[in-house]
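Engineer: Below you'll find start.tsv; it's TSV, C-alpha atoms.
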```
chain	number	residue	atom	x	y	z
R	1	MET	CA	0.00	0.00	0.00
R	2	GLU	CA	2.84	2.40	0.79
R	3	LEU	CA	4.38	1.71	-2.63
R	4	LEU	CA	1.11	2.56	-4.38
R	5	SER	CA	0.74	5.74	-2.32
R	6	ILE	CA	3.70	7.27	-4.19
R	7	MET	CA	1.56	7.38	-7.34
R	8	THR	CA	-1.09	9.56	-5.69
R	9	THR	CA	-1.06	13.35	-5.94
R	10	ASP	CA	-0.08	13.73	-2.28
R	11	GLY	CA	2.61	11.09	-2.70
R	12	ILE	CA	4.16	12.82	-5.72
R	13	ILE	CA	4.10	16.23	-4.00
R	14	GLY	CA	5.64	14.73	-0.87
R	15	LEU	CA	8.33	13.00	-2.92
R	16	ILE	CA	9.25	16.17	-4.82
R	17	THR	CA	9.35	18.14	-1.57
R	18	LEU	CA	11.62	15.61	0.13
R	19	VAL	CA	13.93	15.31	-2.89
R	20	GLY	CA	14.29	19.11	-2.97
R	21	LEU	CA	14.96	19.15	0.77
R	22	GLU	CA	17.61	16.43	0.52
R	23	ILE	CA	19.36	18.21	-2.36
R	24	VAL	CA	19.39	21.59	-0.58
R	25	LEU	CA	20.66	20.02	2.65
R	26	GLY	CA	23.25	18.16	0.58
R	27	ILE	CA	24.89	21.31	-0.81
R	28	ASP	CA	27.34	21.55	2.09
R	29	ASN	CA	28.07	17.85	1.69
R	30	ILE	CA	28.89	18.26	-2.01
R	31	ILE	CA	31.25	21.14	-1.20
R	32	PHE	CA	33.04	19.03	1.42
R	33	ILE	CA	33.35	16.17	-1.06
R	34	ALA	CA	34.80	18.54	-3.67
R	35	ILE	CA	37.49	19.71	-1.27
R	36	ILE	CA	38.36	16.22	-0.01
R	37	CYS	CA	38.60	14.79	-3.54
R	38	GLY	CA	40.95	17.63	-4.46
R	39	TYR	CA	43.62	15.73	-2.51
R	40	LEU	CA	43.29	12.71	-4.78
R	41	PRO	CA	44.67	12.04	-8.27
R	42	ALA	CA	42.11	12.86	-10.98
R	43	LYS	CA	41.71	9.17	-11.88
R	44	ASP	CA	40.61	8.29	-8.32
R	45	GLN	CA	38.28	11.20	-7.58
R	46	GLN	CA	35.11	9.86	-9.21
R	47	ARG	CA	35.57	6.44	-7.60
R	48	ALA	CA	35.96	8.00	-4.16
R	49	ARG	CA	32.88	10.18	-4.67
R	50	VAL	CA	30.68	7.34	-5.87
R	51	ILE	CA	31.74	4.83	-3.21
R	52	GLY	CA	31.53	7.39	-0.40
R	53	LEU	CA	28.07	8.58	-1.43
R	54	MET	CA	26.79	5.04	-2.03
R	55	LEU	CA	27.88	4.02	1.47
R	56	ALA	CA	26.22	7.13	2.85
R	57	MET	CA	23.01	6.29	0.95
R	58	VAL	CA	22.99	2.79	2.44
R	59	PHE	CA	23.43	4.29	5.91
R	60	ARG	CA	20.56	6.73	5.37
R	61	ILE	CA	18.27	3.93	4.24
R	62	MET	CA	19.25	1.92	7.32
R	63	LEU	CA	18.35	4.93	9.47
R	64	LEU	CA	14.96	5.20	7.81
R	65	MET	CA	14.35	1.50	8.30
R	66	SER	CA	14.93	1.94	12.02
R	67	ILE	CA	12.91	5.09	12.67
R	68	SER	CA	11.90	3.91	16.15
R	69	TRP	CA	15.58	3.79	17.15
R	70	LEU	CA	16.23	7.08	15.37
R	71	THR	CA	13.54	8.90	17.34
R	72	HIS	CA	15.13	7.72	20.59
R	73	LEU	CA	18.29	9.63	19.61
R	74	THR	CA	16.49	12.84	20.55
R	75	GLU	CA	15.97	11.67	24.13
R	76	PRO	CA	18.55	12.75	26.77
R	77	LEU	CA	21.30	10.21	27.43
R	78	PHE	CA	22.44	11.71	30.72
R	79	THR	CA	22.19	14.87	32.78
R	80	LEU	CA	25.16	17.11	33.54
R	81	GLY	CA	23.89	20.07	35.51
R	82	MET	CA	21.48	21.92	33.23
R	83	ILE	CA	22.78	20.07	30.16
R	84	GLN	CA	20.89	17.02	28.91
R	85	PRO	CA	22.60	15.91	25.68
R	86	SER	CA	20.98	13.33	23.44
R	87	GLY	CA	22.64	10.96	20.97
R	88	ARG	CA	21.75	13.33	18.13
R	89	ASP	CA	23.31	16.27	20.02
R	90	LEU	CA	26.58	14.40	20.52
R	91	ILE	CA	26.71	13.34	16.87
R	92	LEU	CA	26.03	16.87	15.59
R	93	PHE	CA	28.50	18.42	18.05
R	94	SER	CA	31.34	16.01	17.24
R	95	GLY	CA	30.63	16.29	13.51
R	96	GLY	CA	30.67	20.07	13.73
R	97	VAL	CA	33.99	20.06	15.59
R	98	PHE	CA	35.48	17.74	12.96
R	99	LEU	CA	34.19	19.90	10.09
R	100	VAL	CA	35.45	23.16	11.63
R	101	PHE	CA	38.86	21.66	12.47
R	102	LYS	CA	39.26	20.10	9.02
R	103	THR	CA	38.19	23.26	7.19
R	104	ILE	CA	40.22	25.73	9.24
R	105	ARG	CA	43.26	23.53	8.73
R	106	GLU	CA	42.63	23.61	4.98
R	107	ILE	CA	42.30	27.42	5.04
R	108	TYR	CA	45.54	27.70	7.01
R	109	GLU	CA	47.40	25.56	4.48
R	110	LYS	CA	46.04	27.66	1.61
R	111	LEU	CA	47.09	30.93	3.24
R	112	ARG	CA	50.51	29.59	4.23
R	113	GLY	CA	51.32	28.77	0.62
R	114	PRO	CA	53.47	25.93	-0.74
R	115	GLU	CA	56.67	24.85	0.95
R	116	ARG	CA	59.85	25.83	-0.88
R	117	THR	CA	63.06	24.03	-1.73
R	118	GLU	CA	66.51	25.24	-0.73
R	119	ASP	CA	66.82	27.26	-3.94
R	120	GLY	CA	63.52	29.06	-3.20
R	121	LYS	CA	61.36	27.22	-5.70
R	122	PRO	CA	57.91	26.01	-4.53
R	123	LYS	CA	57.65	22.29	-3.95
R	124	PRO	CA	55.10	20.46	-6.09
R	125	HIS	CA	51.76	19.82	-4.39
R	126	GLU	CA	51.64	16.38	-2.81
R	127	LYS	CA	48.44	14.43	-2.46
R	128	LYS	CA	47.84	13.79	1.22
R	129	LEU	CA	44.96	11.31	1.11
R	130	THR	CA	44.50	7.79	-0.12
R	131	VAL	CA	41.25	6.71	-1.75
R	132	ALA	CA	40.30	4.77	1.40
R	133	GLN	CA	40.91	7.84	3.60
R	134	ALA	CA	38.85	10.05	1.29
R	135	ILE	CA	35.97	7.55	1.23
R	136	LEU	CA	36.05	7.28	5.02
R	137	GLN	CA	35.91	11.06	5.50
R	138	ILE	CA	33.15	11.48	2.91
R	139	THR	CA	31.10	8.75	4.56
R	140	LEU	CA	31.62	10.05	8.11
R	141	ILE	CA	30.66	13.64	7.35
R	142	ASP	CA	27.65	12.49	5.33
R	143	ILE	CA	26.53	10.38	8.31
R	144	VAL	CA	26.57	13.55	10.43
R	145	PHE	CA	24.51	15.43	7.87
R	146	SER	CA	22.23	12.40	7.54
R	147	PHE	CA	20.83	12.68	11.06
R	148	ASP	CA	19.76	16.26	10.46
R	149	SER	CA	18.15	15.66	7.05
R	150	ILE	CA	16.54	12.33	7.97
R	151	LEU	CA	14.97	13.70	11.14
R	152	THR	CA	13.63	16.62	9.08
R	153	ALA	CA	12.25	14.17	6.50
R	154	VAL	CA	10.54	12.15	9.23
R	155	GLY	CA	8.83	15.33	10.37
R	156	LEU	CA	7.51	16.00	6.84
R	157	SER	CA	6.34	12.51	5.90
R	158	ASN	CA	5.33	9.28	7.58
R	159	ASN	CA	5.64	7.17	4.43
R	160	ILE	CA	8.86	5.15	4.58
R	161	THR	CA	8.74	4.30	0.86
R	162	ILE	CA	8.57	7.97	-0.15
R	163	MET	CA	11.43	8.85	2.19
R	164	ILE	CA	13.69	6.07	0.89
R	165	THR	CA	12.87	6.98	-2.72
R	166	ALA	CA	13.73	10.63	-2.00
R	167	VAL	CA	17.07	9.62	-0.47
R	168	VAL	CA	17.97	7.44	-3.47
R	169	ILE	CA	17.02	10.15	-6.01
R	170	SER	CA	18.89	12.89	-4.13
R	171	MET	CA	22.01	10.72	-3.87
R	172	ILE	CA	21.91	10.03	-7.62
R	173	VAL	CA	21.67	13.78	-8.25
R	174	MET	CA	24.64	14.39	-5.92
R	175	ILE	CA	26.72	11.71	-7.66
R	176	LEU	CA	25.95	13.24	-11.06
R	177	PHE	CA	26.65	16.86	-10.12
R	178	ALA	CA	29.51	16.43	-7.63
R	179	PRO	CA	32.23	16.21	-10.36
R	180	TYR	CA	31.11	19.52	-11.89
R	181	VAL	CA	31.04	21.22	-8.50
R	182	SER	CA	34.52	19.86	-7.73
R	183	GLU	CA	35.89	21.07	-11.05
R	184	PHE	CA	34.37	24.52	-10.60
R	185	ILE	CA	35.60	24.96	-7.03
R	186	ASN	CA	39.13	23.77	-7.78
R	187	LYS	CA	39.34	25.94	-10.91
R	188	TYR	CA	38.82	29.21	-9.02
R	189	PRO	CA	40.82	29.64	-5.77
R	190	THR	CA	38.55	32.45	-4.51
R	191	ILE	CA	35.47	30.25	-4.96
R	192	LYS	CA	37.22	27.48	-3.04
R	193	MET	CA	38.01	29.89	-0.18
R	194	LEU	CA	34.36	30.97	-0.17
R	195	ALA	CA	33.30	27.32	-0.01
R	196	LEU	CA	35.67	26.70	2.89
R	197	ALA	CA	34.24	29.67	4.77
R	198	PHE	CA	30.76	28.25	4.15
R	199	LEU	CA	31.82	24.89	5.62
R	200	VAL	CA	33.20	26.62	8.73
R	201	VAL	CA	29.82	28.28	9.25
R	202	ILE	CA	27.99	24.97	8.72
R	203	GLY	CA	30.31	23.30	11.24
R	204	LEU	CA	29.63	26.04	13.78
R	205	LEU	CA	25.89	25.63	13.19
R	206	LEU	CA	26.20	21.90	13.90
R	207	ILE	CA	28.04	22.65	17.14
R	208	VAL	CA	25.46	25.24	18.18
R	209	GLU	CA	22.58	22.90	17.29
R	210	GLY	CA	24.26	20.15	19.29
R	211	CYS	CA	24.06	22.56	22.24
R	212	HIS	CA	20.27	22.94	21.75
R	213	PHE	CA	20.40	26.36	20.06
R	214	HIS	CA	18.57	26.22	16.74
R	215	ILE	CA	19.50	28.63	13.95
R	216	ASP	CA	17.67	28.53	10.63
R	217	LYS	CA	20.14	27.36	7.98
R	218	SER	CA	18.23	29.17	5.26
R	219	TYR	CA	19.94	32.41	6.34
R	220	VAL	CA	23.32	30.78	5.73
R	221	TYR	CA	22.26	29.45	2.31
R	222	VAL	CA	20.96	32.87	1.25
R	223	ALA	CA	24.18	34.58	2.39
R	224	MET	CA	26.22	31.93	0.60
R	225	ALA	CA	24.23	32.36	-2.62
R	226	PHE	CA	24.65	36.16	-2.48
R	227	SER	CA	28.40	35.85	-1.86
R	228	LEU	CA	28.71	33.37	-4.73
R	229	ILE	CA	26.91	35.74	-7.12
R	230	VAL	CA	29.23	38.61	-6.12
R	231	GLU	CA	32.31	36.42	-6.59
R	232	LEU	CA	31.09	35.23	-10.00
R	233	LEU	CA	30.70	38.88	-11.01
R	234	ASN	CA	34.26	39.55	-9.81
R	235	ILE	CA	35.56	36.59	-11.85
R	236	ARG	CA	33.76	37.94	-14.91
R	237	LEU	CA	35.16	41.41	-14.27
R	238	ARG	CA	38.71	40.07	-14.08
R	239	LYS	CA	38.24	38.24	-17.37
R	240	VAL	CA	36.97	41.40	-19.05
R	241	LYS	CA	39.93	43.44	-17.77
R	242	HIS	CA	42.33	40.73	-18.93
R	243	GLN	CA	40.82	40.79	-22.42
R	244	VAL	CA	41.08	44.59	-22.56
R	245	TYR	CA	44.71	44.72	-21.50
```
How does the structure come out when it is put into structure tokens?
Structural biologist:
Amino acid sequence: MELLSIMTTDGIIGLITLVGLEIVLGIDNIIFIAIICGYLPAKDQQRARVIGLMLAMVFRIMLLMSISWLTHLTEPLFTLGMIQPSGRDLILFSGGVFLVFKTIREIYEKLRGPERTEDGKPKPHEKKLTVAQAILQITLIDIVFSFDSILTAVGLSNNITIMITAVVISMIVMILFAPYVSEFINKYPTIKMLALAFLVVIGLLLIVEGCHFHIDKSYVYVAMAFSLIVELLNIRLRKVKHQVY
């Protein structure tokens, strides 16, 4: 019966809504994947993206199949004074700390510049991650984002088939578009720095949300979109000046 309910008007609207939600909430994940895969040789990047996202999709489906356990993650695990953290809080907090640490370290390395040889020449960039390490990091950070998006999906729909279908469709979209996002971010250093700043903010939001302070992420997405438009205009302006001179 749940499978047939997808073909109804309400089912189709619910599916489209959830797919859109998953894609929007997956923007920060795609950016993180683009930066992580930048440490891999070009021949390994697509494999790492696909495997990492497929593992994350399997994990999300497992979460949806165990909704009763998932809902218990919002219940307090212990009490420490006025603080009553739940399993979800601890996951979001630790994931936010990891994302902020990883991103700030990346920004620091970019600002420090390449190391130089004894004769003053910059050393060639060395890849610092193996495919297995990249897949592990992609999967871990997607698991953190999964709890937020899945709990939101549960609040919007009670049809497990629609939710699983939305997760599968959104993951396929992410797999298809992630290479283009990676290429675009790595092509323009200023765009990459903007993406890193966005990830720092997302990490801080995860930490804050893990401390029971909710901030609407839509403000961050709007600010990010505005900043991206301004930077695209700057890139266009630089190209025009270069053509003139």
Engineer: Region 34-95 of chain R near region 165-186 of chain R within 12 Å: what's each residue's closest atom pair and its distance in Å to one decimal, counting all atoms listed in the file, ordered by chain then ascending residue number, as a Markdown table?
Structural biologist:
```
| residue | atom | partner | partner_atom | distance |
| --- | --- | --- | --- | --- |
| R:Ala34 | CA | R:Ser182 | CA | 4.3 |
| R:Ile35 | CA | R:Ser182 | CA | 7.1 |
| R:Ile36 | CA | R:Ser182 | CA | 9.4 |
| R:Cys37 | CA | R:Ser182 | CA | 7.7 |
| R:Gly38 | CA | R:Asn186 | CA | 7.2 |
| R:Tyr39 | CA | R:Asn186 | CA | 10.6 |
| R:Leu40 | CA | R:Ser182 | CA | 11.7 |
| R:Ala42 | CA | R:Glu183 | CA | 10.3 |
| R:Lys43 | CA | R:Pro179 | CA | 11.9 |
| R:Asp44 | CA | R:Pro179 | CA | 11.7 |
| R:Gln45 | CA | R:Pro179 | CA | 8.3 |
| R:Gln46 | CA | R:Pro179 | CA | 7.1 |
| R:Arg47 | CA | R:Ile175 | CA | 10.3 |
| R:Ala48 | CA | R:Ile175 | CA | 10.6 |
| R:Arg49 | CA | R:Ile175 | CA | 7.0 |
| R:Val50 | CA | R:Ile175 | CA | 6.2 |
| R:Ile51 | CA | R:Ile175 | CA | 9.6 |
| R:Gly52 | CA | R:Ile175 | CA | 9.7 |
| R:Leu53 | CA | R:Met171 | CA | 6.9 |
| R:Met54 | CA | R:Met171 | CA | 7.6 |
| R:Leu55 | CA | R:Met171 | CA | 10.4 |
| R:Ala56 | CA | R:Met171 | CA | 8.7 |
| R:Met57 | CA | R:Met171 | CA | 6.6 |
| R:Val58 | CA | R:Val168 | CA | 9.0 |
| R:Phe59 | CA | R:Val167 | CA | 10.5 |
| R:Arg60 | CA | R:Val167 | CA | 7.4 |
| R:Ile61 | CA | R:Val167 | CA | 7.5 |
| R:Met62 | CA | R:Val167 | CA | 11.2 |
| R:Leu63 | CA | R:Val167 | CA | 11.1 |
| R:Leu64 | CA | R:Val167 | CA | 9.6 |
```
Engineer: So the first atom is CA of Ile235 (chain R) and the second is CA of Leu111 (chain R); what is the distance between them in Å, to one decimal place?
Structural biologist: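 Atom-to-atom, CA of Ile235 (chain R) and CA of Leu111 (chain R) are spaced 19.8 Å apart.
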Engineer: What's around region 221-232 of chain R at 8 Å? Count all atoms listed in the file, leave out sequence neighbours fewer than 5 positions away in its own chain, and write the answer as a ChimeraX atom specification.
Structural biologist: /R:190-191,194,198
Engineer: Can you tell me how far CA of Val201 (chain R) sits from CA of Leu129 (chain R), in Å to one decimal?
Structural biologist: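 Straight-line distance from CA of Val201 (chain R) to CA of Leu129 (chain R) works out to 24.2 Å.
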Engineer: What does the structure give for the distance between CA of Val100 (chain R) and CA of Val200 (chain R), in Å to one decimal?
Structural biologist: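 Calculated distance between CA of Val100 (chain R) and CA of Val200 (chain R) is 5.0 Å.
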Engineer: Restricting the calculation to all atoms listed in the file, which member of R:Gln243, R:Ser94, R:Asn159, R:Thr8 is positioned closest to Ile141 (chain R)?
Structural biologist: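 Among the listed residues, R:Ser94 lies closest to Ile141 (chain R).
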Engineer: With distances taken over all atoms listed in the file, which of R:Ile162, R:Leu237, R:Val97, R:Ile33 is nearest to Ile13 (chain R)?
Structural biologist: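 For Ile13 (chain R), the nearest of the candidates is R:Ile162.
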Engineer: Counting only C-alpha atoms, which residue out of R:Arg105, R:Gly203, R:Gly210, R:Leu233 sits closest to Leu90 (chain R)?
Structural biologist: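 Of R:Arg105, R:Gly203, R:Gly210, R:Leu233, the one nearest Leu90 (chain R), counting only C-alpha atoms, is R:Gly210.
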Engineer: For a quick check of understanding, using all atoms listed in the file, which of R:Gly95, R:Thr103, R:Ala197, R:Leu80 has the smallest distance to Phe147 (chain R)?
Structural biologist: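 Among R:Gly95, R:Thr103, R:Ala197, R:Leu80, it is R:Gly95 that comes nearest to Phe147 (chain R).
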Engineer: Choose the residue, out of R:Leu21, R:Ile12, R:Ile164, R:Leu92, that has the smallest atom-to-atom separation from Leu140 (chain R); count all atoms listed in the file.
Structural biologist: R:Leu92
Engineer: Compare R:Ile23, R:Val240, R:Ile31, R:Met65 by their minimum atom-to-atom distance to Ile160 (chain R), counting all atoms listed in the file, and give me the closest one.
Structural biologist: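 For Ile160 (chain R), the nearest of the candidates is R:Met65.
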